[in-house]
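See structure below.
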Amino acid sequence: MVRVGIIGASGYGGGELIRLLKAHPGVELVGFSSRKHEGKPLSSAWPQLWDKGLFATLEEVLEQADVVFLALPNGLAMELAPRALKEGKRVIDLSGDYRLPPEVYESWYGIPHKSSGLYREAVYGLPELHRKELGGARLVANPGCYVTATTLALAPLAAEGVLRGAFVVGLSGVSGAG
């Protein structure tokens, strides 16, 4: 059983993680946190999940979990990931903080990348392409929904050497967050 915690559990990605991980037979969801909902019942953010659990503090989640999902806005995960890794946790970051080279990240998001050393360690979390590397990864940069769909669609063409460029249009019916 893997002991998992979610930090940033009141957002769309965090809510979906709670729903999926609670049903996973190999996972024990040991805690979830949200600055906005700390100490409140899960139903304060997710009434449809029918759970009596309370949003914990960040410290409680880090203390109890072996694997931590960071479901945080861009810029916050790079502040928390080094601490979690130093405490021996494995980290899966759902934000864009470890997906791009620091100079591209800074240009795209307009904020400084404070943890460039960890960027080099992060494994891109697309199991269809990086399954072997993911097994031993301490830090996983989870890809976004658009790039996952695009990458999986174009990877066979790239592998065959026939991809010379692509123009992709992606549309989202909900939030673009998952």
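Convention: chains lettered A, B, ... in structure tokens order; per-chain residue numbering from 1; ligands numbered from 1 as shown.
All residues of chain A that DSSP, run on the backbone, classes as strand (DSSP E or B) are Val2, Arg3, Val4, Gly5, Ile6, Ile7, Val27, Glu28, Leu29, Val30, Gly31, Phe32, Ser33, Pro41, Leu54, Ala56, Val67, Val68, Phe69, Leu70, Arg90, Val91, Ile92, Asp93, Val123, Tyr124, Leu139, Val140 and Ala141 of chain A.
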I need the chosen residues saved as an mmCIF file, in the first residue's frame, with N, CA and C atoms.
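Generated output (part.cif):
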data_model
loop_
_atom_site.group_PDB
_atom_site.id
_atom_site.type_symbol
_atom_site.label_atom_id
_atom_site.label_comp_id
_atom_site.auth_asym_id
_atom_site.auth_seq_id
_atom_site.Cartn_x
_atom_site.Cartn_y
_atom_site.Cartn_z
ATOM 1 N N VAL A 2 0.641 2.152 -0.915
ATOM 2 C CA VAL A 2 1.390 3.400 -0.984
ATOM 3 C C VAL A 2 0.605 4.474 -0.245
ATOM 4 N N ARG A 3 1.285 5.144 0.672
ATOM 5 C CA ARG A 3 0.650 6.203 1.464
ATOM 6 C C ARG A 3 0.792 7.525 0.703
ATOM 7 N N VAL A 4 -0.357 8.067 0.258
ATOM 8 C CA VAL A 4 -0.367 9.223 -0.628
ATOM 9 C C VAL A 4 -1.059 10.408 0.021
ATOM 10 N N GLY A 5 -0.502 11.601 -0.209
ATOM 11 C CA GLY A 5 -1.111 12.848 0.217
ATOM 12 C C GLY A 5 -1.256 13.782 -0.964
ATOM 13 N N ILE A 6 -2.222 14.676 -0.865
ATOM 14 C CA ILE A 6 -2.463 15.652 -1.929
ATOM 15 C C ILE A 6 -2.396 17.038 -1.309
ATOM 16 N N ILE A 7 -1.559 17.879 -1.871
ATOM 17 C CA ILE A 7 -1.440 19.257 -1.419
ATOM 18 C C ILE A 7 -2.034 20.141 -2.510
ATOM 19 N N VAL A 27 -3.511 2.186 -2.994
ATOM 20 C CA VAL A 27 -3.244 3.493 -2.400
ATOM 21 C C VAL A 27 -4.018 3.666 -1.100
ATOM 22 N N GLU A 28 -3.324 4.209 -0.108
ATOM 23 C CA GLU A 28 -3.986 4.676 1.104
ATOM 24 C C GLU A 28 -3.866 6.197 1.087
ATOM 25 N N LEU A 29 -4.973 6.882 0.899
ATOM 26 C CA LEU A 29 -4.976 8.339 0.894
ATOM 27 C C LEU A 29 -4.916 8.800 2.350
ATOM 28 N N VAL A 30 -3.739 9.284 2.757
ATOM 29 C CA VAL A 30 -3.515 9.603 4.170
ATOM 30 C C VAL A 30 -3.799 11.054 4.518
ATOM 31 N N GLY A 31 -3.990 11.898 3.519
ATOM 32 C CA GLY A 31 -4.303 13.289 3.814
ATOM 33 C C GLY A 31 -4.373 14.142 2.573
ATOM 34 N N PHE A 32 -5.093 15.238 2.721
ATOM 35 C CA PHE A 32 -5.208 16.212 1.643
ATOM 36 C C PHE A 32 -5.305 17.585 2.288
ATOM 37 N N SER A 33 -4.688 18.569 1.643
ATOM 38 C CA SER A 33 -4.652 19.897 2.242
ATOM 39 C C SER A 33 -5.107 20.951 1.252
ATOM 40 N N PRO A 41 -14.428 20.172 6.524
ATOM 41 C CA PRO A 41 -14.690 18.864 5.904
ATOM 42 C C PRO A 41 -14.477 18.914 4.395
ATOM 43 N N LEU A 54 -11.354 15.576 6.879
ATOM 44 C CA LEU A 54 -11.083 17.002 7.002
ATOM 45 C C LEU A 54 -9.848 17.379 6.197
ATOM 46 N N ALA A 56 -6.448 18.664 5.942
ATOM 47 C CA ALA A 56 -5.360 18.687 6.923
ATOM 48 C C ALA A 56 -4.439 19.878 6.669
ATOM 49 N N VAL A 67 4.276 9.473 -0.807
ATOM 50 C CA VAL A 67 4.179 10.110 -2.119
ATOM 51 C C VAL A 67 3.241 11.293 -1.980
ATOM 52 N N VAL A 68 3.662 12.442 -2.517
ATOM 53 C CA VAL A 68 2.869 13.654 -2.417
ATOM 54 C C VAL A 68 2.558 14.176 -3.816
ATOM 55 N N PHE A 69 1.284 14.374 -4.082
ATOM 56 C CA PHE A 69 0.856 15.069 -5.292
ATOM 57 C C PHE A 69 0.778 16.549 -4.973
ATOM 58 N N LEU A 70 1.374 17.373 -5.835
ATOM 59 C CA LEU A 70 1.278 18.821 -5.699
ATOM 60 C C LEU A 70 0.308 19.315 -6.762
ATOM 61 N N ARG A 90 8.409 11.149 -2.312
ATOM 62 C CA ARG A 90 8.379 11.193 -3.768
ATOM 63 C C ARG A 90 7.323 12.224 -4.130
ATOM 64 N N VAL A 91 7.570 12.983 -5.190
ATOM 65 C CA VAL A 91 6.703 14.102 -5.535
ATOM 66 C C VAL A 91 6.218 13.962 -6.974
ATOM 67 N N ILE A 92 4.912 14.163 -7.152
ATOM 68 C CA ILE A 92 4.314 14.226 -8.487
ATOM 69 C C ILE A 92 3.690 15.607 -8.597
ATOM 70 N N ASP A 93 4.255 16.419 -9.470
ATOM 71 C CA ASP A 93 3.831 17.806 -9.617
ATOM 72 C C ASP A 93 2.863 17.934 -10.786
ATOM 73 N N VAL A 123 11.325 13.627 -13.994
ATOM 74 C CA VAL A 123 10.989 12.712 -15.090
ATOM 75 C C VAL A 123 9.634 13.123 -15.630
ATOM 76 N N TYR A 124 9.546 13.244 -16.926
ATOM 77 C CA TYR A 124 8.285 13.629 -17.561
ATOM 78 C C TYR A 124 7.299 12.478 -17.427
ATOM 79 N N LEU A 139 10.980 12.747 -8.461
ATOM 80 C CA LEU A 139 10.193 13.906 -8.864
ATOM 81 C C LEU A 139 9.634 13.664 -10.262
ATOM 82 N N VAL A 140 8.320 13.729 -10.370
ATOM 83 C CA VAL A 140 7.646 13.518 -11.652
ATOM 84 C C VAL A 140 6.965 14.812 -12.059
ATOM 85 N N ALA A 141 7.234 15.252 -13.280
ATOM 86 C CA ALA A 141 6.557 16.408 -13.866
ATOM 87 C C ALA A 141 5.390 15.868 -14.681
#
Discussion item. What's around Lys40 (chain A) at 12 Å? Count only C-alpha atoms, leave out sequence neighbours fewer than 5 positions away in its own chain, and write the answer as a ChimeraX atom specification.
Written reply: /A:10,32-35,45-47,51-57
Saved selection, atoms kept: N, CA and C atoms, as an mmCIF file, in the first residue's frame:
data_model
loop_
_atom_site.group_PDB
_atom_site.id
_atom_site.type_symbol
_atom_site.label_atom_id
_atom_site.label_comp_id
_atom_site.auth_asym_id
_atom_site.auth_seq_id
_atom_site.Cartn_x
_atom_site.Cartn_y
_atom_site.Cartn_z
ATOM 1 N N SER A 10 -8.210 21.352 -3.108
ATOM 2 C CA SER A 10 -9.508 21.982 -3.332
ATOM 3 C C SER A 10 -9.710 22.430 -4.773
ATOM 4 N N PHE A 32 -5.093 15.238 2.721
ATOM 5 C CA PHE A 32 -5.208 16.212 1.643
ATOM 6 C C PHE A 32 -5.305 17.585 2.288
ATOM 7 N N SER A 33 -4.688 18.569 1.643
ATOM 8 C CA SER A 33 -4.652 19.897 2.242
ATOM 9 C C SER A 33 -5.107 20.951 1.252
ATOM 10 N N SER A 34 -5.516 22.080 1.836
ATOM 11 C CA SER A 34 -5.897 23.267 1.083
ATOM 12 C C SER A 34 -5.792 24.432 2.045
ATOM 13 N N ARG A 35 -5.075 25.455 1.668
ATOM 14 C CA ARG A 35 -4.969 26.623 2.562
ATOM 15 C C ARG A 35 -6.346 27.220 2.832
ATOM 16 N N ALA A 45 -15.505 21.700 -0.116
ATOM 17 C CA ALA A 45 -15.032 21.928 -1.482
ATOM 18 C C ALA A 45 -15.641 20.935 -2.464
ATOM 19 N N TRP A 46 -15.886 19.725 -1.991
ATOM 20 C CA TRP A 46 -16.336 18.638 -2.872
ATOM 21 C C TRP A 46 -17.509 17.879 -2.257
ATOM 22 N N PRO A 47 -18.708 18.462 -2.247
ATOM 23 C CA PRO A 47 -19.859 17.788 -1.624
ATOM 24 C C PRO A 47 -20.217 16.469 -2.299
ATOM 25 N N ASP A 51 -17.526 12.268 1.755
ATOM 26 C CA ASP A 51 -16.437 11.858 2.636
ATOM 27 C C ASP A 51 -16.466 12.743 3.870
ATOM 28 N N LYS A 52 -16.229 12.163 5.023
ATOM 29 C CA LYS A 52 -16.242 12.923 6.270
ATOM 30 C C LYS A 52 -14.852 13.441 6.641
ATOM 31 N N GLY A 53 -13.841 13.167 5.802
ATOM 32 C CA GLY A 53 -12.487 13.601 6.102
ATOM 33 C C GLY A 53 -12.352 15.115 6.130
ATOM 34 N N LEU A 54 -11.354 15.576 6.879
ATOM 35 C CA LEU A 54 -11.083 17.002 7.002
ATOM 36 C C LEU A 54 -9.848 17.379 6.197
ATOM 37 N N PHE A 55 -9.844 18.586 5.663
ATOM 38 C CA PHE A 55 -8.633 19.109 5.037
ATOM 39 C C PHE A 55 -7.588 19.281 6.136
ATOM 40 N N ALA A 56 -6.448 18.664 5.942
ATOM 41 C CA ALA A 56 -5.360 18.687 6.923
ATOM 42 C C ALA A 56 -4.439 19.878 6.669
ATOM 43 N N THR A 57 -3.480 20.040 7.548
ATOM 44 C CA THR A 57 -2.442 21.049 7.321
ATOM 45 C C THR A 57 -1.408 20.465 6.366
#
Item to complete: Choose the residue, out of A:Glu79, A:Tyr119, A:Phe167, A:Pro73, that has the smallest atom-to-atom separation from Tyr12 (chain A); count only C-alpha atoms.
Response: A:Pro73
Taking the chain letters and numbering used in this document, name the residues of region 27-133 of chain A that DSSP puts in helix (DSSP H, G or I), as a PDB file with C-alpha atoms, in the first residue's frame.
ATOM      1  CA  LEU A  42     -13.936  17.664   2.385  1.00  0.00           C
ATOM      2  CA  SER A  43     -17.563  18.440   1.547  1.00  0.00           C
ATOM      3  CA  SER A  44     -16.795  22.171   1.877  1.00  0.00           C
ATOM      4  CA  PRO A  47     -19.859  17.788  -1.624  1.00  0.00           C
ATOM      5  CA  GLN A  48     -20.224  15.089  -4.278  1.00  0.00           C
ATOM      6  CA  LEU A  49     -17.375  12.996  -2.805  1.00  0.00           C
ATOM      7  CA  LEU A  58       0.446  20.919   4.912  1.00  0.00           C
ATOM      8  CA  GLU A  59       2.647  19.601   7.729  1.00  0.00           C
ATOM      9  CA  GLU A  60       0.235  16.743   8.523  1.00  0.00           C
ATOM     10  CA  VAL A  61       0.121  15.636   4.881  1.00  0.00           C
ATOM     11  CA  LEU A  62       3.910  15.753   4.535  1.00  0.00           C
ATOM     12  CA  GLU A  63       4.366  13.833   7.777  1.00  0.00           C
ATOM     13  CA  GLN A  64       2.020  10.981   6.837  1.00  0.00           C
ATOM     14  CA  ALA A  77       5.170  23.652  -6.489  1.00  0.00           C
ATOM     15  CA  MET A  78       8.793  24.690  -6.998  1.00  0.00           C
ATOM     16  CA  GLU A  79       8.701  26.232  -3.529  1.00  0.00           C
ATOM     17  CA  LEU A  80       7.350  23.075  -1.884  1.00  0.00           C
ATOM     18  CA  ALA A  81       8.911  20.247  -3.910  1.00  0.00           C
ATOM     19  CA  PRO A  82      12.466  20.740  -2.547  1.00  0.00           C
ATOM     20  CA  ARG A  83      11.166  20.492   1.032  1.00  0.00           C
ATOM     21  CA  ALA A  84       9.148  17.348   0.328  1.00  0.00           C
ATOM     22  CA  LEU A  85      12.092  15.702  -1.449  1.00  0.00           C
ATOM     23  CA  LYS A  86      14.438  16.634   1.405  1.00  0.00           C
ATOM     24  CA  PRO A 102      13.794  27.073 -16.659  1.00  0.00           C
ATOM     25  CA  GLU A 103      14.438  29.681 -19.375  1.00  0.00           C
ATOM     26  CA  VAL A 104      11.359  28.553 -21.346  1.00  0.00           C
ATOM     27  CA  TYR A 105       9.285  28.398 -18.149  1.00  0.00           C
ATOM     28  CA  GLU A 106      10.254  31.964 -17.229  1.00  0.00           C
ATOM     29  CA  SER A 107       9.469  33.235 -20.719  1.00  0.00           C
ATOM     30  CA  TRP A 108       6.114  31.440 -20.879  1.00  0.00           C
ATOM     31  CA  TYR A 109       4.817  31.998 -17.317  1.00  0.00           C
ATOM     32  CA  SER A 116      16.324  24.764 -11.869  1.00  0.00           C
ATOM     33  CA  GLY A 117      18.529  22.048 -10.365  1.00  0.00           C
ATOM     34  CA  LEU A 118      15.484  19.891  -9.707  1.00  0.00           C
ATOM     35  CA  TYR A 119      14.195  20.463 -13.234  1.00  0.00           C
ATOM     36  CA  ARG A 120      17.062  18.293 -14.520  1.00  0.00           C
ATOM     37  CA  GLU A 121      16.043  15.487 -12.147  1.00  0.00           C
ATOM     38  CA  PRO A 127       4.140   6.447 -18.950  1.00  0.00           C
ATOM     39  CA  GLU A 128       3.548   5.580 -22.594  1.00  0.00           C
ATOM     40  CA  LEU A 129       6.935   7.162 -23.362  1.00  0.00           C
ATOM     41  CA  HIS A 130       8.845   7.158 -20.034  1.00  0.00           C
ATOM     42  CA  ARG A 131       7.662   4.071 -18.137  1.00  0.00           C
ATOM     43  CA  LYS A 132      11.170   2.824 -17.184  1.00  0.00           C
ATOM     44  CA  GLU A 133      12.336   6.192 -15.848  1.00  0.00           C
TER      45      GLU A 133
END
Fill in: Computed interatomic separation between CA of Thr150 (chain A) and CA of Val169 (chain A) (Å)
9.2 Å
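Shortest atom-to-atom contact with Gly75 (chain A) among A:Gly96, A:Gly161, A:Pro25, A:Gly88: A:Gly96, counting only C-alpha atoms.
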